[in-house]
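Heads up, the thing below is written out as structure tokens.
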Amino acid sequence: MPSTLATSTQYKVWRGFQPAVARPPAVPSTKITDQVGLGLVRCAKSRLDQALGRGQGSDYARMNFDNSDLRGLCFVAADEVTQYLAAQGENAKTIMVKPAGGSDHYFTIVNNGNSGNSAIVDATWKQFMEGAADKPFCLAGTLGAIRFVFGQNSEIVDIYTAGMTALGQWGSYKCFMDD
């Protein structure tokens with residue numbers, strides 16, 4: 001069974017908190033580096049720590065957020081990336097996908113008109129461990145470019161392919177309940 005596009009039952013309560021670390025300088029999605037991606041993850045982690053009322057937590061994979069089924073950091077990190085890019089005028093949206101054999105994954109898509117031109121930005125993809133040691137911390141590129149690096153039968157490519165279906169419903173798709 002392939003991965004499917006989904007909507008979370010969670011509200012973005014972490015947005016009510018200011019990150020205790022500075023956001024990276026503004027760059028477009030075409031220029032996102034590992035350093036920028038890591039900086040955005042640090043901002044997301046700071047917001048989540050505050051929302052959970054925890055100091056510098058690190059084992060997000062074992063924590064449930066707000067009595068829901070959200071675990072990990074990818075949902076807050078993807079939202080952080082989306083807000084960062086949207087503030088620069090990019091048509092970015094957070095996407096939730098339910099992988100066929102695992103827990104939900106969240107990432108950002110920048111809609112550039114079609115699936116061939118639209119960009120995927122994912123700063124938490126390494127949880128899928130597909131030869132991650134030699135790959136960048138933050139993936140940023142088109143689905144075709146990512147498919148070239150990981151191969152057609154990759155789990156992460158399957159997840160991103162399902163996420164790209166959001167382009168066909170861009171105006172109505174909601175990742176979170178309060179989108």
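Numbering starts fresh at 1 for the residues of each chain in the structure tokens, the chains themselves are lettered A, B, ... in the order given, and ligands are numbered from 1 as they appear.
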*Could you pull out all residues of chain A with a DSSP call of alpha helix (DSSP H) and give them as a PyMOL selection string?*
chain A and resi 34-52+74-86+143-150+155-164
Mind dumping the selected residues with N, CA and C atoms as a short mmCIF file (atom, residue, chain, number, x, y, z; two decimals), in the first residue's frame?
```cif
data_model
loop_
_atom_site.label_atom_id
_atom_site.label_comp_id
_atom_site.auth_asym_id
_atom_site.auth_seq_id
_atom_site.Cartn_x
_atom_site.Cartn_y
_atom_site.Cartn_z
N ASP A 34 22.22 23.07 4.46
CA ASP A 34 22.14 22.32 5.72
C ASP A 34 22.14 23.27 6.92
N GLN A 35 22.93 24.31 6.85
CA GLN A 35 23.01 25.27 7.95
C GLN A 35 21.67 25.95 8.19
N VAL A 36 21.00 26.37 7.12
CA VAL A 36 19.68 27.00 7.25
C VAL A 36 18.67 25.99 7.79
N GLY A 37 18.67 24.78 7.23
CA GLY A 37 17.75 23.75 7.70
C GLY A 37 17.93 23.43 9.17
N LEU A 38 19.19 23.30 9.60
CA LEU A 38 19.47 23.02 11.01
C LEU A 38 19.02 24.19 11.89
N GLY A 39 19.22 25.41 11.43
CA GLY A 39 18.76 26.58 12.19
C GLY A 39 17.26 26.60 12.35
N LEU A 40 16.53 26.21 11.33
CA LEU A 40 15.06 26.16 11.42
C LEU A 40 14.60 25.03 12.34
N VAL A 41 15.30 23.90 12.32
CA VAL A 41 14.97 22.81 13.24
C VAL A 41 15.21 23.27 14.69
N ARG A 42 16.28 24.01 14.92
CA ARG A 42 16.53 24.54 16.27
C ARG A 42 15.40 25.47 16.73
N CYS A 43 14.91 26.30 15.82
CA CYS A 43 13.77 27.17 16.15
C CYS A 43 12.54 26.33 16.48
N ALA A 44 12.28 25.32 15.67
CA ALA A 44 11.13 24.45 15.90
C ALA A 44 11.25 23.72 17.23
N LYS A 45 12.46 23.23 17.52
CA LYS A 45 12.70 22.53 18.79
C LYS A 45 12.44 23.46 19.97
N SER A 46 12.88 24.70 19.86
CA SER A 46 12.66 25.67 20.93
C SER A 46 11.17 25.91 21.15
N ARG A 47 10.41 26.07 20.07
CA ARG A 47 8.96 26.27 20.19
C ARG A 47 8.29 25.05 20.84
N LEU A 48 8.70 23.85 20.40
CA LEU A 48 8.08 22.63 20.93
C LEU A 48 8.43 22.45 22.41
N ASP A 49 9.68 22.72 22.78
CA ASP A 49 10.05 22.63 24.19
C ASP A 49 9.16 23.53 25.04
N GLN A 50 8.92 24.74 24.57
CA GLN A 50 8.08 25.68 25.31
C GLN A 50 6.62 25.21 25.35
N ALA A 51 6.12 24.74 24.21
CA ALA A 51 4.73 24.27 24.15
C ALA A 51 4.50 23.07 25.06
N LEU A 52 5.52 22.22 25.18
CA LEU A 52 5.41 21.05 26.05
C LEU A 52 5.73 21.36 27.50
N CYS A 74 9.12 16.39 13.37
CA CYS A 74 8.94 16.77 11.97
C CYS A 74 7.75 17.68 11.75
N PHE A 75 6.67 17.54 12.52
CA PHE A 75 5.50 18.38 12.29
C PHE A 75 5.78 19.84 12.63
N VAL A 76 6.53 20.10 13.70
CA VAL A 76 6.86 21.47 14.07
C VAL A 76 7.97 22.01 13.15
N ALA A 77 8.93 21.18 12.81
CA ALA A 77 10.01 21.60 11.91
C ALA A 77 9.46 21.95 10.53
N ALA A 78 8.56 21.14 9.99
CA ALA A 78 7.98 21.44 8.69
C ALA A 78 7.18 22.74 8.74
N ASP A 79 6.45 22.95 9.81
CA ASP A 79 5.70 24.21 9.96
C ASP A 79 6.66 25.40 10.04
N GLU A 80 7.77 25.23 10.73
CA GLU A 80 8.78 26.30 10.84
C GLU A 80 9.35 26.63 9.45
N VAL A 81 9.68 25.62 8.67
CA VAL A 81 10.21 25.83 7.31
C VAL A 81 9.15 26.54 6.46
N THR A 82 7.91 26.08 6.55
CA THR A 82 6.83 26.68 5.77
C THR A 82 6.65 28.16 6.10
N GLN A 83 6.63 28.47 7.39
CA GLN A 83 6.45 29.87 7.81
C GLN A 83 7.64 30.73 7.36
N TYR A 84 8.82 30.20 7.44
CA TYR A 84 10.05 30.88 7.01
C TYR A 84 9.97 31.23 5.52
N LEU A 85 9.58 30.26 4.70
CA LEU A 85 9.51 30.49 3.26
C LEU A 85 8.33 31.37 2.87
N ALA A 86 7.19 31.18 3.53
CA ALA A 86 6.01 32.01 3.24
C ALA A 86 6.27 33.48 3.58
N LEU A 143 11.04 16.91 -6.89
CA LEU A 143 10.84 15.47 -6.72
C LEU A 143 11.74 14.69 -7.66
N GLY A 144 11.92 15.17 -8.87
CA GLY A 144 12.79 14.49 -9.83
C GLY A 144 14.23 14.42 -9.35
N ALA A 145 14.72 15.52 -8.79
CA ALA A 145 16.09 15.54 -8.28
C ALA A 145 16.25 14.61 -7.09
N ILE A 146 15.26 14.59 -6.22
CA ILE A 146 15.32 13.71 -5.04
C ILE A 146 15.21 12.26 -5.47
N ARG A 147 14.36 11.99 -6.44
CA ARG A 147 14.23 10.62 -6.97
C ARG A 147 15.55 10.15 -7.58
N PHE A 148 16.26 11.05 -8.25
CA PHE A 148 17.55 10.71 -8.86
C PHE A 148 18.55 10.29 -7.78
N VAL A 149 18.54 10.98 -6.64
CA VAL A 149 19.48 10.67 -5.56
C VAL A 149 19.12 9.38 -4.84
N PHE A 150 17.82 9.16 -4.56
CA PHE A 150 17.40 8.04 -3.73
C PHE A 150 16.89 6.83 -4.51
N GLU A 155 11.51 4.74 0.10
CA GLU A 155 10.38 5.11 0.94
C GLU A 155 10.19 6.62 0.97
N ILE A 156 11.27 7.38 1.04
CA ILE A 156 11.13 8.83 1.12
C ILE A 156 10.58 9.38 -0.21
N VAL A 157 10.95 8.80 -1.34
CA VAL A 157 10.39 9.22 -2.63
C VAL A 157 8.90 8.91 -2.68
N ASP A 158 8.49 7.76 -2.15
CA ASP A 158 7.07 7.41 -2.08
C ASP A 158 6.31 8.44 -1.24
N ILE A 159 6.88 8.85 -0.13
CA ILE A 159 6.25 9.84 0.75
C ILE A 159 6.11 11.18 0.01
N TYR A 160 7.17 11.63 -0.64
CA TYR A 160 7.12 12.90 -1.36
C TYR A 160 6.17 12.84 -2.55
N THR A 161 6.12 11.70 -3.23
CA THR A 161 5.19 11.55 -4.36
C THR A 161 3.75 11.70 -3.87
N ALA A 162 3.42 11.07 -2.75
CA ALA A 162 2.08 11.23 -2.17
C ALA A 162 1.83 12.68 -1.77
N GLY A 163 2.84 13.33 -1.22
CA GLY A 163 2.70 14.74 -0.83
C GLY A 163 2.43 15.65 -2.00
N MET A 164 3.01 15.34 -3.14
CA MET A 164 2.82 16.18 -4.33
C MET A 164 1.37 16.18 -4.81
#
```
Within 10 Å of range 6-25 of chain A, which residues of range 85-160 of chain A show up? Give each one with its shortest atom-to-atom distance in Å (one decimal) and the two atoms involved, counting only C-alpha atoms, rows by chain then rising residue number, as JSON lines.
```
{"residue": "A:Ile95", "atom": "CA", "partner": "A:Ala6", "partner_atom": "CA", "distance": 7.9}
{"residue": "A:Met96", "atom": "CA", "partner": "A:Ala6", "partner_atom": "CA", "distance": 5.4}
{"residue": "A:Val97", "atom": "CA", "partner": "A:Ala6", "partner_atom": "CA", "distance": 5.4}
{"residue": "A:Lys98", "atom": "CA", "partner": "A:Ala6", "partner_atom": "CA", "distance": 6.4}
{"residue": "A:Pro99", "atom": "CA", "partner": "A:Ala6", "partner_atom": "CA", "distance": 10.0}
{"residue": "A:Asp104", "atom": "CA", "partner": "A:Ala6", "partner_atom": "CA", "distance": 8.8}
{"residue": "A:His105", "atom": "CA", "partner": "A:Ala6", "partner_atom": "CA", "distance": 9.8}
{"residue": "A:Tyr106", "atom": "CA", "partner": "A:Ser8", "partner_atom": "CA", "distance": 9.7}
```
*Which value, in Å to one decimal, gives the distance between CA of Asn117 in chain A and CA of Val27 in chain A?*
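Going from CA of Asn117 in chain A over to CA of Val27 in chain A covers 18.0 Å.
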*Report the distance between CA of Gly102 in chain A and CA of Asp178 in chain A in Å, rounded to one decimal place.*
24.8 Å
*What lies within 10 Å of Gln88 in chain A using only C-alpha atoms, ignoring chain neighbours under 6 positions off, as a VMD selection string?*
chain A and resid 26 to 29
Would you save the residues from that selection as a short mmCIF file (atom, residue, chain, number, x, y, z; two decimals), in the first residue's frame, using C-alpha atoms?
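Printed below is selection07.cif as written:
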```cif
data_model
loop_
_atom_site.label_atom_id
_atom_site.label_comp_id
_atom_site.auth_asym_id
_atom_site.auth_seq_id
_atom_site.Cartn_x
_atom_site.Cartn_y
_atom_site.Cartn_z
CA ALA A 26 16.28 34.73 4.76
CA VAL A 27 17.12 32.64 1.70
CA PRO A 28 14.76 31.27 -0.97
CA SER A 29 13.87 27.59 -1.15
#
```
_List the spatial neighbours of Ile120 in chain A as a PyMOL selection string - criterion: any atom at most 6 Å away, only C-alpha atoms, same-chain residues fewer than 3 positions off excluded._
chain A and resi 108-109+140-142
*asked:* Need the shell around Asn112 in chain A: protein/DNA/RNA residues with any atom at most 9 Å away, counting only C-alpha atoms. Skip same-chain ones fewer than 5 positions apart. Format as a ChimeraX atom specification?
replied: /A:90-91,117-119
*Pick from A:Ala166, A:Ala123, A:Asp134, A:Gly151, whichever lies nearest to Ile32 in chain A using only C-alpha atoms*: A:Ala123
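Taking CA of Thr94 in chain A and CA of Phe107 in chain A as endpoints, the distance between them is 5.7 Å.
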